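S.K.: mmCIF, C-alpha atoms and all ligand atoms, saved as upload.cif, coming up:
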data_final
loop_
_atom_site.label_atom_id
_atom_site.label_comp_id
_atom_site.auth_asym_id
_atom_site.auth_seq_id
_atom_site.Cartn_x
_atom_site.Cartn_y
_atom_site.Cartn_z
CA MET A 1 -11.64 -28.64 -62.91
CA ILE A 2 -11.29 -30.82 -66.01
CA THR A 3 -9.04 -28.92 -68.43
CA HIS A 4 -8.68 -31.47 -71.26
CA ASP A 5 -9.46 -35.02 -72.38
CA VAL A 6 -6.22 -36.95 -71.83
CA THR A 7 -3.07 -36.45 -69.76
CA ILE A 8 -0.18 -38.60 -70.93
CA VAL A 9 2.63 -39.34 -68.49
CA GLY A 10 5.86 -39.88 -70.46
CA ALA A 11 7.01 -38.41 -73.77
CA GLY A 12 8.90 -41.48 -74.93
CA PRO A 13 8.05 -42.74 -78.42
CA VAL A 14 4.89 -44.46 -77.22
CA GLY A 15 3.66 -41.48 -75.18
CA LEU A 16 4.20 -39.14 -78.13
CA ALA A 17 2.51 -41.59 -80.51
CA THR A 18 -0.44 -41.84 -78.11
CA ALA A 19 -0.68 -38.04 -78.05
CA ILE A 20 -0.69 -37.85 -81.86
CA PHE A 21 -3.35 -40.58 -82.18
CA ALA A 22 -5.41 -38.72 -79.56
CA ARG A 23 -5.18 -35.42 -81.45
CA ASN A 24 -6.05 -37.23 -84.70
CA ALA A 25 -9.18 -38.48 -82.92
CA GLY A 26 -10.09 -34.93 -81.87
CA LEU A 27 -9.15 -35.32 -78.19
CA SER A 28 -7.34 -32.54 -76.33
CA VAL A 29 -4.04 -33.72 -74.82
CA GLN A 30 -1.36 -32.70 -72.37
CA VAL A 31 1.90 -34.66 -72.09
CA LEU A 32 4.41 -34.46 -69.27
CA ASP A 33 7.90 -35.89 -69.11
CA GLY A 34 10.54 -35.60 -66.44
CA GLY A 35 13.38 -37.37 -68.24
CA ALA A 36 16.37 -36.45 -70.42
CA ILE A 37 15.57 -33.76 -72.96
CA ASP A 38 16.88 -35.65 -76.00
CA GLY A 39 14.83 -38.76 -75.16
CA ASP A 40 17.82 -41.06 -75.79
CA LYS A 41 17.61 -44.51 -74.21
CA ALA A 42 19.06 -48.00 -74.42
CA CYS A 43 17.32 -49.48 -77.46
CA GLY A 44 18.30 -51.58 -80.46
CA GLU A 45 16.55 -48.97 -82.65
CA GLY A 46 15.25 -51.46 -85.19
CA LEU A 47 11.79 -50.56 -86.44
CA MET A 48 10.37 -53.82 -87.74
CA PRO A 49 8.58 -53.69 -91.13
CA GLY A 50 5.16 -53.82 -89.44
CA THR A 51 5.91 -50.42 -87.88
CA ALA A 52 5.73 -48.68 -91.28
CA PRO A 53 1.91 -48.43 -91.53
CA LEU A 54 1.77 -47.10 -87.96
CA LEU A 55 4.42 -44.46 -88.74
CA ALA A 56 2.35 -43.46 -91.80
CA GLU A 57 -0.78 -43.12 -89.62
CA LEU A 58 1.24 -41.00 -87.21
CA GLY A 59 2.38 -38.87 -90.15
CA ILE A 60 6.12 -39.27 -89.57
CA ASP A 61 8.94 -40.53 -91.76
CA PRO A 62 12.10 -40.41 -89.60
CA PRO A 63 15.49 -40.73 -91.31
CA GLY A 64 17.39 -43.97 -90.82
CA HIS A 65 18.84 -46.99 -92.59
CA ALA A 66 16.82 -49.67 -94.40
CA LEU A 67 16.77 -53.08 -92.70
CA GLU A 68 16.35 -55.86 -95.27
CA GLY A 69 16.24 -58.86 -92.92
CA VAL A 70 17.89 -60.63 -90.03
CA VAL A 71 21.14 -62.61 -89.89
CA TYR A 72 21.90 -64.81 -86.89
CA HIS A 73 25.48 -65.87 -86.09
CA GLN A 74 26.66 -68.42 -83.55
CA GLY A 75 30.23 -69.69 -83.72
CA SER A 76 30.86 -70.33 -87.41
CA THR A 77 27.17 -70.88 -88.26
CA ARG A 78 25.28 -68.13 -90.03
CA VAL A 79 21.65 -68.09 -91.04
CA GLU A 80 19.94 -65.29 -92.96
CA HIS A 81 16.36 -64.49 -93.88
CA SER A 82 15.08 -61.39 -95.69
CA PHE A 83 11.88 -59.63 -94.70
CA PRO A 84 9.37 -60.87 -97.29
CA GLU A 85 7.70 -57.68 -98.49
CA LYS A 86 9.00 -54.40 -97.19
CA PRO A 87 12.11 -53.45 -95.24
CA GLY A 88 12.27 -52.28 -91.66
CA ARG A 89 14.28 -49.23 -90.65
CA GLY A 90 17.07 -48.56 -88.16
CA VAL A 91 16.32 -45.15 -86.61
CA ARG A 92 18.23 -43.32 -83.88
CA ARG A 93 15.95 -42.74 -80.90
CA THR A 94 16.80 -39.05 -81.03
CA GLU A 95 15.65 -38.84 -84.67
CA LEU A 96 12.47 -40.76 -83.86
CA ARG A 97 11.75 -38.48 -80.93
CA ASP A 98 12.40 -35.31 -83.00
CA ALA A 99 9.97 -36.50 -85.68
CA LEU A 100 7.30 -37.39 -83.10
CA VAL A 101 7.74 -34.15 -81.11
CA GLN A 102 7.47 -32.07 -84.29
CA ARG A 103 4.30 -33.89 -85.36
CA ALA A 104 2.82 -33.61 -81.87
CA HIS A 105 3.54 -29.87 -81.71
CA ASP A 106 2.07 -29.38 -85.19
CA GLY A 107 -1.08 -31.11 -83.96
CA GLY A 108 -1.35 -28.81 -80.94
CA VAL A 109 -0.10 -31.19 -78.23
CA LEU A 110 1.21 -29.47 -75.09
CA ILE A 111 4.39 -31.08 -73.74
CA GLU A 112 5.39 -29.99 -70.23
CA ARG A 113 8.76 -30.74 -68.68
CA ALA A 114 7.61 -32.09 -65.34
CA LYS A 115 7.78 -35.31 -63.40
CA TYR A 116 4.68 -37.26 -62.46
CA VAL A 117 4.41 -37.62 -58.70
CA SER A 118 0.97 -38.99 -57.83
CA LEU A 119 -2.51 -39.80 -59.06
CA THR A 120 -6.10 -39.66 -57.84
CA GLN A 121 -9.31 -40.42 -59.71
CA ASP A 122 -13.08 -40.41 -59.32
CA ALA A 123 -15.99 -41.44 -61.54
CA HIS A 124 -15.54 -38.49 -63.93
CA SER A 125 -11.90 -37.51 -63.98
CA ALA A 126 -8.32 -38.29 -62.99
CA THR A 127 -5.77 -35.87 -61.54
CA VAL A 128 -2.00 -36.13 -61.65
CA THR A 129 0.32 -34.11 -59.45
CA THR A 130 3.72 -33.04 -60.80
CA ASP A 131 7.02 -32.25 -59.10
CA SER A 132 6.40 -28.59 -59.86
CA GLY A 133 3.30 -28.75 -57.66
CA HIS A 134 0.77 -28.64 -60.53
CA TYR A 135 -2.51 -30.54 -60.39
CA ILE A 136 -3.62 -31.58 -63.88
CA THR A 137 -7.18 -32.86 -64.15
CA SER A 138 -8.47 -34.55 -67.29
CA ARG A 139 -11.10 -37.11 -68.27
CA TYR A 140 -8.43 -39.81 -68.65
CA VAL A 141 -4.78 -40.40 -67.77
CA ILE A 142 -2.48 -42.66 -69.78
CA GLY A 143 0.74 -43.92 -68.19
CA CYS A 144 3.42 -44.18 -70.90
CA ASP A 145 6.27 -43.92 -68.41
CA GLY A 146 8.19 -47.00 -69.41
CA LEU A 147 9.56 -50.12 -67.78
CA HIS A 148 9.72 -48.66 -64.26
CA SER A 149 6.29 -47.04 -64.50
CA SER A 150 5.32 -45.00 -61.44
CA VAL A 151 1.76 -44.86 -62.77
CA ALA A 152 1.54 -48.68 -62.90
CA ALA A 153 3.04 -48.84 -59.38
CA ASP A 154 0.52 -46.31 -58.04
CA LEU A 155 -2.34 -48.28 -59.61
CA GLY A 156 -1.08 -51.31 -57.69
CA VAL A 157 -0.99 -53.52 -60.79
CA VAL A 158 2.71 -54.40 -61.00
CA LYS A 159 3.34 -58.14 -60.67
CA LYS A 160 6.51 -59.55 -59.17
CA PRO A 161 8.56 -61.24 -61.93
CA PRO A 162 9.54 -64.89 -61.43
CA ARG A 163 12.80 -65.38 -59.54
CA GLY A 164 15.96 -65.62 -61.57
CA ALA A 165 14.31 -64.59 -64.82
CA LYS A 166 15.67 -61.06 -65.01
CA ARG A 167 17.50 -59.77 -68.08
CA TYR A 168 19.14 -56.47 -68.91
CA GLY A 169 20.04 -54.52 -72.04
CA LEU A 170 22.88 -52.21 -73.05
CA ARG A 171 23.57 -50.16 -76.14
CA GLN A 172 26.22 -47.94 -77.68
CA HIS A 173 26.78 -46.54 -81.19
CA PHE A 174 29.96 -46.82 -83.22
CA ALA A 175 31.14 -44.59 -86.06
CA ILE A 176 31.49 -47.11 -88.86
CA ALA A 177 29.77 -47.57 -92.23
CA PRO A 178 27.30 -50.46 -91.89
CA TRP A 179 28.71 -53.61 -93.50
CA SER A 180 25.20 -55.01 -94.06
CA SER A 181 21.60 -53.85 -94.46
CA ASN A 182 20.46 -56.59 -92.11
CA ILE A 183 20.00 -56.64 -88.37
CA GLU A 184 22.86 -58.92 -87.33
CA VAL A 185 22.44 -60.95 -84.17
CA PHE A 186 25.47 -62.65 -82.61
CA TYR A 187 24.98 -65.24 -79.87
CA SER A 188 27.81 -65.39 -77.33
CA SER A 189 27.80 -67.80 -74.41
CA ASN A 190 25.65 -65.50 -72.22
CA ALA A 191 24.59 -62.51 -74.34
CA GLU A 192 22.86 -61.72 -77.61
CA VAL A 193 24.51 -58.82 -79.44
CA TYR A 194 22.46 -56.93 -82.03
CA ILE A 195 23.97 -54.73 -84.73
CA THR A 196 21.53 -52.28 -86.29
CA PRO A 197 22.62 -49.85 -89.02
CA VAL A 198 21.04 -46.47 -88.24
CA SER A 199 22.73 -44.23 -90.84
CA SER A 200 25.36 -44.43 -93.57
CA ASP A 201 28.14 -43.96 -90.99
CA THR A 202 26.78 -45.33 -87.71
CA VAL A 203 25.76 -48.70 -86.31
CA GLY A 204 24.03 -49.32 -83.00
CA VAL A 205 25.31 -52.21 -80.89
CA ALA A 206 22.93 -53.59 -78.27
CA ALA A 207 23.54 -56.50 -75.90
CA LEU A 208 20.96 -58.47 -73.95
CA GLY A 209 21.81 -60.82 -71.13
CA PRO A 210 21.71 -61.54 -67.41
CA LYS A 211 22.63 -59.08 -64.64
CA GLY A 212 26.18 -57.85 -65.14
CA VAL A 213 26.07 -58.19 -68.94
CA ASN A 214 28.95 -56.10 -70.29
CA LEU A 215 29.05 -54.71 -73.82
CA ASP A 216 32.85 -54.71 -74.26
CA SER A 217 33.21 -58.27 -72.98
CA ALA A 218 30.28 -59.44 -75.09
CA ILE A 219 31.87 -57.95 -78.24
CA ALA A 220 35.30 -59.29 -77.30
CA SER A 221 33.85 -62.79 -76.90
CA ILE A 222 32.66 -62.84 -80.52
CA PRO A 223 35.80 -62.76 -82.71
CA ALA A 224 33.94 -62.02 -85.98
CA LEU A 225 32.18 -59.01 -84.45
CA HIS A 226 35.26 -57.84 -82.58
CA ALA A 227 37.15 -57.74 -85.89
CA LYS A 228 34.35 -55.77 -87.62
CA LEU A 229 34.27 -53.12 -84.89
CA ALA A 230 38.06 -52.91 -84.40
CA GLY A 231 39.13 -49.25 -84.54
CA ALA A 232 35.56 -47.87 -84.74
CA GLN A 233 35.09 -44.94 -82.35
CA PRO A 234 32.13 -44.89 -79.93
CA ALA A 235 29.53 -42.43 -81.26
CA SER A 236 27.29 -42.29 -78.17
CA THR A 237 27.50 -42.92 -74.47
CA LEU A 238 26.80 -46.40 -73.15
CA ARG A 239 23.25 -46.77 -71.83
CA GLY A 240 21.55 -49.59 -70.00
CA ALA A 241 18.00 -50.71 -69.29
CA GLY A 242 16.26 -53.37 -67.27
CA PRO A 243 15.47 -55.55 -65.59
CA PHE A 244 12.79 -57.22 -67.69
CA PRO A 245 10.24 -58.71 -67.79
CA HIS A 246 7.89 -56.11 -66.34
CA LYS A 247 4.39 -57.49 -65.76
CA ALA A 248 1.11 -55.80 -64.96
CA ARG A 249 -2.03 -57.69 -63.97
CA THR A 250 -4.19 -55.26 -65.98
CA GLN A 251 -3.61 -52.26 -68.23
CA ARG A 252 -6.54 -50.22 -66.93
CA ILE A 253 -7.92 -49.16 -63.59
CA GLY A 254 -10.89 -46.80 -63.81
CA ARG A 255 -9.91 -43.79 -65.94
CA VAL A 256 -6.21 -44.63 -66.06
CA LEU A 257 -4.68 -46.74 -68.84
CA LEU A 258 -1.16 -48.13 -69.31
CA VAL A 259 0.37 -48.05 -72.79
CA GLY A 260 3.81 -49.16 -74.00
CA ASP A 261 6.40 -50.71 -71.68
CA SER A 262 4.50 -49.43 -68.63
CA GLY A 263 1.66 -51.91 -69.24
CA GLY A 264 3.97 -54.92 -69.56
CA TYR A 265 7.17 -55.75 -71.40
CA VAL A 266 8.67 -59.19 -71.96
CA ASP A 267 12.12 -58.70 -73.50
CA ALA A 268 13.97 -56.95 -76.32
CA ILE A 269 14.99 -60.24 -77.96
CA THR A 270 12.59 -59.72 -80.91
CA GLY A 271 13.13 -55.95 -81.22
CA GLU A 272 9.43 -55.23 -81.34
CA GLY A 273 8.79 -52.87 -78.42
CA LEU A 274 8.09 -49.87 -80.61
CA ARG A 275 5.77 -51.59 -83.09
CA VAL A 276 3.79 -53.17 -80.28
CA GLY A 277 3.82 -49.92 -78.27
CA PHE A 278 2.45 -47.90 -81.22
CA ALA A 279 -0.26 -50.55 -81.75
CA GLN A 280 -1.24 -50.24 -78.06
CA ALA A 281 -1.33 -46.44 -78.42
CA LYS A 282 -3.78 -46.74 -81.29
CA ALA A 283 -5.94 -49.27 -79.40
CA ALA A 284 -6.03 -47.11 -76.26
CA ILE A 285 -7.18 -44.04 -78.14
CA GLU A 286 -9.81 -46.06 -80.02
CA ALA A 287 -11.17 -47.14 -76.62
CA LEU A 288 -11.14 -43.60 -75.16
CA SER A 289 -12.70 -42.07 -78.29
CA LYS A 290 -15.71 -44.31 -77.64
CA ASP A 291 -15.63 -43.45 -73.92
CA ALA A 292 -15.08 -47.15 -73.35
CA PRO A 293 -11.84 -47.47 -71.34
CA GLY A 294 -12.97 -50.88 -70.12
CA THR A 295 -12.46 -52.34 -73.62
CA TYR A 296 -8.74 -51.53 -73.60
CA PRO A 297 -7.29 -54.50 -71.63
CA LEU A 298 -8.81 -56.93 -74.13
CA ALA A 299 -7.51 -54.86 -77.05
CA TRP A 300 -4.10 -54.79 -75.32
CA LYS A 301 -4.13 -58.60 -75.14
CA ARG A 302 -5.01 -58.79 -78.84
CA VAL A 303 -2.31 -56.43 -80.10
CA THR A 304 0.43 -57.85 -77.85
CA ARG A 305 -0.44 -61.58 -77.98
CA GLU A 306 1.95 -62.72 -80.72
CA PHE A 307 4.77 -60.54 -79.35
CA ARG A 308 4.33 -62.02 -75.86
CA ILE A 309 4.19 -65.63 -77.06
CA LEU A 310 7.15 -65.42 -79.47
CA THR A 311 9.30 -63.35 -77.10
CA LYS A 312 8.69 -65.62 -74.11
CA GLY A 313 9.50 -68.64 -76.27
CA LEU A 314 12.76 -67.17 -77.58
CA VAL A 315 13.86 -66.03 -74.10
CA ALA A 316 13.12 -69.51 -72.73
CA LEU A 317 15.18 -71.05 -75.55
CA ALA A 318 18.04 -68.58 -74.97
CA SER A 319 18.04 -69.49 -71.27
CA SER A 320 17.87 -73.27 -71.84
CA PRO A 321 20.60 -75.89 -72.42
CA LEU A 322 19.72 -75.57 -76.14
CA ARG A 323 21.21 -72.05 -76.18
CA SER A 324 24.49 -73.17 -77.72
CA SER A 325 22.60 -74.81 -80.62
CA ILE A 326 20.09 -72.06 -81.46
CA VAL A 327 21.62 -70.87 -84.72
CA PRO A 328 22.71 -74.35 -85.86
CA LEU A 329 19.09 -75.43 -85.23
CA ALA A 330 17.78 -72.47 -87.25
CA HIS A 331 20.24 -73.46 -89.99
CA ALA A 332 19.00 -77.04 -89.92
CA ILE A 333 15.32 -75.99 -89.95
CA PRO A 334 15.33 -72.91 -92.23
CA GLY A 335 11.54 -73.10 -92.63
CA LEU A 336 10.99 -72.51 -88.91
CA PHE A 337 13.52 -69.66 -88.84
CA GLY A 338 11.77 -68.11 -91.86
CA VAL A 339 8.40 -68.32 -90.10
CA ILE A 340 9.84 -66.40 -87.13
CA VAL A 341 11.41 -63.66 -89.27
CA ASN A 342 8.26 -63.39 -91.40
CA ARG A 343 6.28 -62.98 -88.17
CA LEU A 344 8.63 -60.19 -87.09
CA ALA A 345 8.03 -58.51 -90.45
CA ARG A 346 4.29 -58.14 -89.84
C1 LIG A 401 18.53 -53.04 -75.04
C2 LIG A 401 17.17 -52.83 -75.67
C3 LIG A 401 17.03 -53.00 -77.05
C4 LIG A 401 15.80 -52.78 -77.64
N1 LIG A 401 15.69 -52.89 -78.99
C5 LIG A 401 14.53 -52.58 -79.60
C6 LIG A 401 14.44 -52.58 -81.02
O1 LIG A 401 15.41 -52.85 -81.73
N2 LIG A 401 13.24 -52.28 -81.58
C7 LIG A 401 12.14 -51.97 -80.81
O2 LIG A 401 11.07 -51.71 -81.38
N3 LIG A 401 12.20 -51.95 -79.47
C8 LIG A 401 13.36 -52.24 -78.85
N4 LIG A 401 13.45 -52.18 -77.49
C9 LIG A 401 12.24 -51.84 -76.72
C10 LIG A 401 11.93 -50.34 -76.77
O3 LIG A 401 13.08 -49.59 -76.46
C11 LIG A 401 10.81 -50.02 -75.81
O4 LIG A 401 9.76 -50.95 -75.98
C12 LIG A 401 10.29 -48.60 -76.02
O5 LIG A 401 11.28 -47.65 -75.72
C13 LIG A 401 9.07 -48.34 -75.14
O6 LIG A 401 8.70 -47.01 -75.28
P1 LIG A 401 7.87 -46.26 -74.14
O7 LIG A 401 7.57 -44.91 -74.70
O8 LIG A 401 6.79 -47.15 -73.66
O9 LIG A 401 8.89 -46.16 -72.90
P2 LIG A 401 10.23 -45.31 -72.80
O10 LIG A 401 10.91 -45.24 -74.09
O11 LIG A 401 10.97 -45.90 -71.65
O12 LIG A 401 9.74 -43.84 -72.41
C14 LIG A 401 9.20 -43.56 -71.14
C15 LIG A 401 9.17 -42.06 -70.96
O13 LIG A 401 8.53 -41.77 -69.72
C16 LIG A 401 9.25 -40.76 -69.05
N5 LIG A 401 9.01 -40.91 -67.61
C17 LIG A 401 9.34 -41.95 -66.81
N6 LIG A 401 8.94 -41.72 -65.56
C18 LIG A 401 8.33 -40.51 -65.55
C19 LIG A 401 7.71 -39.71 -64.55
N7 LIG A 401 7.64 -40.12 -63.26
N8 LIG A 401 7.21 -38.51 -64.90
C20 LIG A 401 7.27 -38.07 -66.20
N9 LIG A 401 7.84 -38.79 -67.19
C21 LIG A 401 8.37 -39.99 -66.87
C22 LIG A 401 10.70 -41.01 -69.44
O14 LIG A 401 11.49 -39.84 -69.29
C23 LIG A 401 10.55 -41.43 -70.91
O15 LIG A 401 10.60 -40.32 -71.77
C24 LIG A 401 14.67 -52.41 -76.85
C25 LIG A 401 14.81 -52.26 -75.48
C26 LIG A 401 16.05 -52.46 -74.89
C27 LIG A 401 16.18 -52.26 -73.41
#
Please express what this file holds, its structure, as structure tokens.
M.R.:
Amino acid sequence: MITHDVTIVGAGPVGLATAIFARNAGLSVQVLDGGAIDGDKACGEGLMPGTAPLLAELGIDPPGHALEGVVYHQGSTRVEHSFPEKPGRGVRRTELRDALVQRAHDGGVLIERAKYVSLTQDAHSATVTTDSGHYITSRYVIGCDGLHSSVAADLGVVKKPPRGAKRYGLRQHFAIAPWSSNIEVFYSSNAEVYITPVSSDTVGVAALGPKGVNLDSAIASIPALHAKLAGAQPASTLRGAGPFPHKARTQRIGRVLLVGDSGGYVDAITGEGLRVGFAQAKAAIEALSKDAPGTYPLAWKRVTREFRILTKGLVALASSPLRSSIVPLAHAIPGLFGVIVNRLAR
């Protein structure tokens, strides 16, 4: 028996945002999540300026630290560009989740602590089975279960990534007053290390790189960063994520849609997963509100296109022989660097 309009698998930021957009559109929603209760995860935690209008539509204003722009460092070269109009915000995942959960609860969203196990669908409905043995039947199911999406796997849409292209991410927080209101990106020989201020006394440190990337070694290999963090105590446990990219050949099969990392994720190099995930959430609910799930894959392509192109380009550059000259190049061609940062600000 159909009990509601949409079942959302995964109460990460994108799943919760999807639930809020669905309630705002008058759809009844049930969310299930089988992960850690605090929702913490390896993430750089930078909300790019373009996320602000989406947060306003979601009705949340999570606490954090203003992000005025981006500074890239490589060796002794430094290049800086401010976001042109409005700042971004560094927000702890736990704060973001609390704000989204509160808003979802206020809107009447049911969140069940249960793990998705399997899926069936017919012409009128889709049913998920949970690890507690429940069958939940709704008009639509949305898989928001992240990079290693079981929903995407069960739909049979996951594409094998190209050989040798895999990257991984790590993050840990340190108790230190931010020394800058910018996202600072340090290029070492094999990792990119991102510093994001998330409060007046905490910075997040994230590293991206090939298999085996190690946060301590990455920091130690960048003397300027090592000196800044010397003596700062870890303020969270080390977390990792990957591998990426994760590719799906489509983001919809029948009555089941994929939103957020589950539907495809290139890399964290541009720090845009949340903005792009929230935009997908909005597009998916627009499609379902019109009972037109078939329009979603095209909308997905539209809202993710620039992210996919820019991210693939930057990852290719970071993996090429030009890697050691990226920041000097940006310094030599400030106009091009400005175009990239301005794009991130949208
Ligand atoms: C190192 C790193 C740095 C990053 N930096 C940034 C950044 O600075 N800015 C930015 O915007 N993005 C950044 N990203 C990307 C961002 O973290 C992701 O795009 C974002 O978390 C995607 O959200 P999501 O809700 O789709 O997936 P997730 O956050 O992964 O959430 C998935 C949810 O699904 C649940 N789940 C999984 N399987 C099941 C199941 N079987 N049953 C029930 N529930 C399930 C999980 O418990 C989880 O709650 C970064 C990523 C990495 C790895």
S.K.: Hey, what's within 10 Å of Pro84 of chain A if we count only C-alpha atoms and toss same-chain stuff fewer than 5 positions away? As a list in words, please?
M.R.: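 My reading of the contact set: Pro49, Glu68, Gly69, Gly338, Val341, Asn342, Arg343, Ala345 and Arg346 of chain A.
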S.K.: If we count all atoms listed in the file, what is near His124 of chain A at a cut-off of 10 Å, once residues fewer than 2 positions away on the same chain are taken out, given as a PyMOL selection string?
M.R.: chain A and resi 2+121-122+126+138-140+254-255
S.K.: What gap, in Å, lies between atom CA of Arg89 of chain A and atom CA of Thr51 of chain A?
M.R.: 8.9 Å
S.K.: Quick one: which chain A residues come within 6 Å of ligand LIG 401 (chain A), and what is the nearest atom pair for each with the distance in Å to one decimal, counting all atoms listed in the file, rows ordered by chain and ascending number, as a Markdown table?
M.R.:
| residue | atom | partner | partner_atom | distance |
| --- | --- | --- | --- | --- |
| A:Val9 | CA | A:LIG401 | C20 | 5.3 |
| A:Gly10 | CA | A:LIG401 | O13 | 3.4 |
| A:Ala11 | CA | A:LIG401 | O15 | 4.5 |
| A:Gly12 | CA | A:LIG401 | O12 | 3.6 |
| A:Pro13 | CA | A:LIG401 | O7 | 4.3 |
| A:Val14 | CA | A:LIG401 | O7 | 3.7 |
| A:Gly15 | CA | A:LIG401 | O7 | 5.2 |
| A:Leu32 | CA | A:LIG401 | C20 | 5.5 |
| A:Asp33 | CA | A:LIG401 | N9 | 3.5 |
| A:Gly34 | CA | A:LIG401 | C20 | 4.1 |
| A:Gly35 | CA | A:LIG401 | O14 | 3.3 |
| A:Gly39 | CA | A:LIG401 | O15 | 5.6 |
| A:Ala42 | CA | A:LIG401 | C1 | 5.1 |
| A:Cys43 | CA | A:LIG401 | C3 | 3.6 |
| A:Gly44 | CA | A:LIG401 | N1 | 3.3 |
| A:Glu45 | CA | A:LIG401 | O1 | 4.1 |
| A:Gly46 | CA | A:LIG401 | O1 | 3.7 |
| A:Leu47 | CA | A:LIG401 | O2 | 5.2 |
| A:Lys115 | CA | A:LIG401 | N8 | 3.6 |
| A:Tyr116 | CA | A:LIG401 | N8 | 3.7 |
| A:Cys144 | CA | A:LIG401 | O8 | 5.3 |
| A:Asp145 | CA | A:LIG401 | O13 | 3.4 |
| A:Gly146 | CA | A:LIG401 | O9 | 3.7 |
| A:Leu147 | CA | A:LIG401 | O11 | 5.9 |
| A:Ser150 | CA | A:LIG401 | N7 | 5.7 |
| A:Gly169 | CA | A:LIG401 | C1 | 3.7 |
| A:Leu170 | CA | A:LIG401 | C1 | 4.9 |
| A:Arg171 | CA | A:LIG401 | C1 | 5.9 |
| A:Ala206 | CA | A:LIG401 | C1 | 5.5 |
| A:Ala241 | CA | A:LIG401 | C27 | 4.8 |
| A:Gly260 | CA | A:LIG401 | O8 | 3.6 |
| A:Asp261 | CA | A:LIG401 | O8 | 4.1 |
| A:Ser262 | CA | A:LIG401 | O8 | 6.0 |
| A:Ala268 | CA | A:LIG401 | C24 | 4.6 |
| A:Gly271 | CA | A:LIG401 | C6 | 3.6 |
| A:Glu272 | CA | A:LIG401 | O2 | 3.9 |
| A:Gly273 | CA | A:LIG401 | O4 | 3.3 |
| A:Leu274 | CA | A:LIG401 | O2 | 3.6 |
| A:Arg275 | CA | A:LIG401 | O2 | 5.6 |
S.K.: Using all atoms listed in the file, which of A:Glu306, A:Glu85, A:Glu80, A:Glu57 sits nearest Val185 of chain A?
M.R.: A:Glu80
S.K.: Pick out the residues sitting within 9 Å of Ala177 of chain A, and hand them over as number ranges by chain; count all atoms listed in the file, and ignore anything fewer than 6 positions along from it in its own chain.
M.R.: A: 197, 199-203
S.K.: Could you name the residues that touch Asn182 of chain A at 10 Å or less, counting only C-alpha atoms, but leaving out those on the same chain fewer than 5 positions away, as a ChimeraX atom specification?
M.R.: /A:65-72,80-83,87-90,195-197
S.K.: Could you check the closest approach to Asp291 of chain A for each of A:Thr3, A:Asp61, A:Leu27, A:Ser149 and tell me which residue wins, using only C-alpha atoms?
M.R.: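 Result for the nearest residue to Asp291 of chain A: A:Leu27.
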S.K.: Kindly indicate which residue among A:Val303, A:Ala332, A:Val79, A:Ala99 lies nearest to Ala279 of chain A, using all atoms listed in the file for the distances.
M.R.: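 Closest to Ala279 of chain A, using all atoms listed in the file: A:Val303.
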S.K.: Which of these, A:Ala316, A:Ile8, A:Ile37, A:Leu16, has the shortest distance to Arg113 of chain A once you count only C-alpha atoms?
M.R.: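 Checking each candidate against Arg113 of chain A, we get A:Ile37 as the closest.
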S.K.: Choose the residue, out of A:Ala220, A:Ala36, A:Ser132, A:Tyr265, that has the smallest atom-to-atom separation from His148 of chain A; count only C-alpha atoms.
M.R.: A:Tyr265
S.K.: Please compute the atom CA of Gly75 of chain A-atom CA of Ala318 of chain A distance, one decimal, in Å.
M.R.: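 Computing the Euclidean distance for atom CA of Gly75 of chain A and atom CA of Ala318 of chain A yields 15.0 Å.
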S.K.: Between atom CA of Tyr187 of chain A and atom CA of Arg93 of chain A, what distance in Å does the model show, to one decimal?
M.R.: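 Calculated distance between atom CA of Tyr187 of chain A and atom CA of Arg93 of chain A is 24.3 Å.
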S.K.: Quick one: residues within 8 Å of Val29 of chain A, only C-alpha atoms counted, chain neighbours fewer than 3 positions away excluded, as a list in words?
M.R.: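 Listing them by chain and then by number gives His4, Asp5, Val6, Thr7, Ile8, Ala19, Ala22, Arg23, Val109 and Leu110 of chain A.
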S.K.: With distances taken over only C-alpha atoms, which of A:Ile183, A:Val259, A:Val266, A:Ala104 is nearest to Gly242 of chain A?
M.R.: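 Answer, going by the shortest atom-to-atom distance: A:Val266.
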S.K.: Assuming the input is short of atoms at segment 333-339 of chain A, produce N, CA and C atoms for that part as an mmCIF file, keeping the file's coordinate frame.
M.R.:
data_model
loop_
_atom_site.group_PDB
_atom_site.id
_atom_site.type_symbol
_atom_site.label_atom_id
_atom_site.label_comp_id
_atom_site.auth_asym_id
_atom_site.auth_seq_id
_atom_site.Cartn_x
_atom_site.Cartn_y
_atom_site.Cartn_z
ATOM 1 N N ILE A 333 16.773 -76.057 -89.673
ATOM 2 C CA ILE A 333 15.320 -75.990 -89.950
ATOM 3 C C ILE A 333 15.024 -74.578 -90.499
ATOM 4 N N PRO A 334 15.477 -74.277 -91.728
ATOM 5 C CA PRO A 334 15.330 -72.910 -92.230
ATOM 6 C C PRO A 334 13.871 -72.467 -92.325
ATOM 7 N N GLY A 335 12.957 -73.437 -92.519
ATOM 8 C CA GLY A 335 11.540 -73.100 -92.630
ATOM 9 C C GLY A 335 11.036 -72.450 -91.347
ATOM 10 N N LEU A 336 11.443 -73.028 -90.202
ATOM 11 C CA LEU A 336 10.990 -72.510 -88.910
ATOM 12 C C LEU A 336 11.572 -71.112 -88.670
ATOM 13 N N PHE A 337 12.867 -70.955 -88.995
ATOM 14 C CA PHE A 337 13.520 -69.660 -88.840
ATOM 15 C C PHE A 337 12.815 -68.608 -89.710
ATOM 16 N N GLY A 338 12.475 -69.014 -90.946
ATOM 17 C CA GLY A 338 11.770 -68.110 -91.860
ATOM 18 C C GLY A 338 10.417 -67.692 -91.308
ATOM 19 N N VAL A 339 9.720 -68.637 -90.673
ATOM 20 C CA VAL A 339 8.400 -68.320 -90.100
ATOM 21 C C VAL A 339 8.562 -67.240 -89.023
#
